[in-house]
Amino acid sequence: MLSLRQAGIAATRLEDGTDPMDIRALARHLDLSIGTVSRALNGRKDVREATRVRVLEAVAAFGYVPNQAGQTLRRGQTRTIAFVLTPSADSAAQGDPFFMALFGGIQAALASRQLDLMVLLARSDEDQFAFLQRAVSRGLADGWLLSATMRHDPRIPFLLERGVPFATLGRSLSGGSQPWIDLDFEAVAHQSVARLAAAGHRRIALADPASDINLGHVFADAYRAALQDAGLAVDPALLVRVETDEAGGYRAVDTLLGLADPPTALILNGDTMPVGAYRRLQEAGLRPGRDMSLIGIRDTPASRGLSPSLTCFTLSLHDLGRDLAEALLLAMTPDDEGVLVGPVQRLWPMTLVEGGSDGFG
C-alpha cells in the first residue's frame, strides 16, 4: 500500500502523528474530479458503484479528514435552512403534496451537514418581500430557499446585495449569480405543441397563470415559439390568463368555447386546472380527448381521478428537492474545500405520461 508521502500528497499531521488527506488530494490521487469525490462521499446515486468503492477504499487507506473550515457554513449560527412558502402562488395552498415530497428531498440533503429545515409560511395578504426582509433581519436561518419566483422579483437582488446564501426554485429576470433549479417548461411546451400538431390540431390554446409568476411568462414564450416551429399561426385569443386552480381551468374552457372559432386542443399550465376544464367540457356535452384534446402541466393527485386519464408530465420531487438543497449547500461552502465551482443553474427535465385526454389513449 502506498504511503501518503509516496503518493505525493502533502498534509499536516493529526494529533496521533498520522497524515490526513483533504478532498483535493483525495481527488488528485484517484484521478477524479472533486465534485465526483464529493458526491461519492455523500452517497449520491449519480456516481457509479465502482467509483464509489474506489473512493471509500482510498478514504480507509489514507485517512481522509473533511476540512473543518469547509464544513463550517459561512453563517453557521442557527444550523437551519429556511424555505419560504408563498401560499398565494404555491400549490401547497391548494392541498397539493408537491412541497411535502420536495421537502423530503431537501431534508435528505441537509442531513449530511446536520442541518434542519424550517418552513416559513407568509400570510396570503402579506407583501412577500417585506416578509423576507423581516425574516432575514432576525437571522432566522443560515441559508434560504425561495419558491414562486416572479418575473421581476425584488427578493433576489435584496439577498444578493447582502451576500446572504440562497437558492431559488425557479428563474427570474432579477436573477444573478445565485443558484437556481427550474422545471424545463420550454421542453414541456415544445413537446406538447409538437404532439398536438402531429395529431392534426391547428388551433392549440394555452391556459397560463394570470399572475406575474415567471414560469407563466417562460411557458407562454415557449408556446409561441413552438407554434411557429410547427408552422402554426399565433392567435392571441388562444392564450388565456387565468388562476392556476380548478376555477381557472373552468374559466379558461368557458372563454375558449365562446370564441367564434374555438380551439381543438388546450394546454393547461396549472396544477389543478384540468379538474375545472373537464367539468366545463362535460357541462357543454363535450368529452376530453374526443371533442377537445387536453394536456396538463403536471401529474397531481387531483388529476389522477379524471376520466379519461390526463396526458401530463411527471418528475421526481424528492430528487428535485435534494438537488436544490445541494445547490444551496455548495454556495455556502468556503472555497478552501475546493467544492465550490460556481452557482448551480439547471433546468429540470419532466417526462410525458400518456393518457386519454389528448385523444391518443
# chains A, B, ... in the order shown; residues from 1 in each chain; ligands from 1
$ residues_around --residues "region 50-57 of chain A" --least-positions-apart "3" --cutoff "8 Å" --atoms "only C-alpha atoms" --output "PyMOL selection string"
chain A and resi 30+37+40-41+47+60-61
$ select_by_dssp --residues "region 172-226 of chain A" --states "alpha helix (DSSP H)" --output "NGL selection string"
:A and (185-198 or 214-226)
$ select_by_dssp --residues "region 31-235 of chain A" --states "strand (DSSP E)" --output "VMD selection string"
chain A and resid 80 to 85 116 to 121 143 to 146 166 to 169 180 to 183 204 to 209
$ residues_around --residues "region 197-211 of chain A" --least-positions-apart "5" --cutoff "6 Å" --atoms "only C-alpha atoms" --output "count of residues only"
15
$ closest_residue --among "A:Phe158, A:Val353, A:Thr78, A:Pro179" --to "Arg138 (chain A)" --atoms "only C-alpha atoms"
A:Thr78
$ closest_residue --among "A:Pro343, A:Arg123, A:Leu330, A:His318" --to "Ile106 (chain A)" --atoms "only C-alpha atoms"
A:His318
$ closest_residue --among "A:Ala25, A:Arg48, A:Ala82, A:Gly163" --to "Met332 (chain A)" --atoms "only C-alpha atoms"
A:Gly163
$ residues_around --residues "Ile295 (chain A)" --least-positions-apart "3" --cutoff "12 Å" --atoms "only C-alpha atoms" --output "PyMOL selection string"
chain A and resi 188-189+191-196+204-207+249+264-271+273-275+277-278+288-289+292+298-299+303+308-313+352-360
$ residues_around --residues "Arg346 (chain A)" --least-positions-apart "5" --cutoff "7 Å" --atoms "only C-alpha atoms" --output "NGL selection string"
:A and (180-182)
$ closest_residue --among "A:Leu281, A:Leu232, A:Ala27, A:Leu85" --to "Tyr250 (chain A)" --atoms "only C-alpha atoms"
A:Leu281
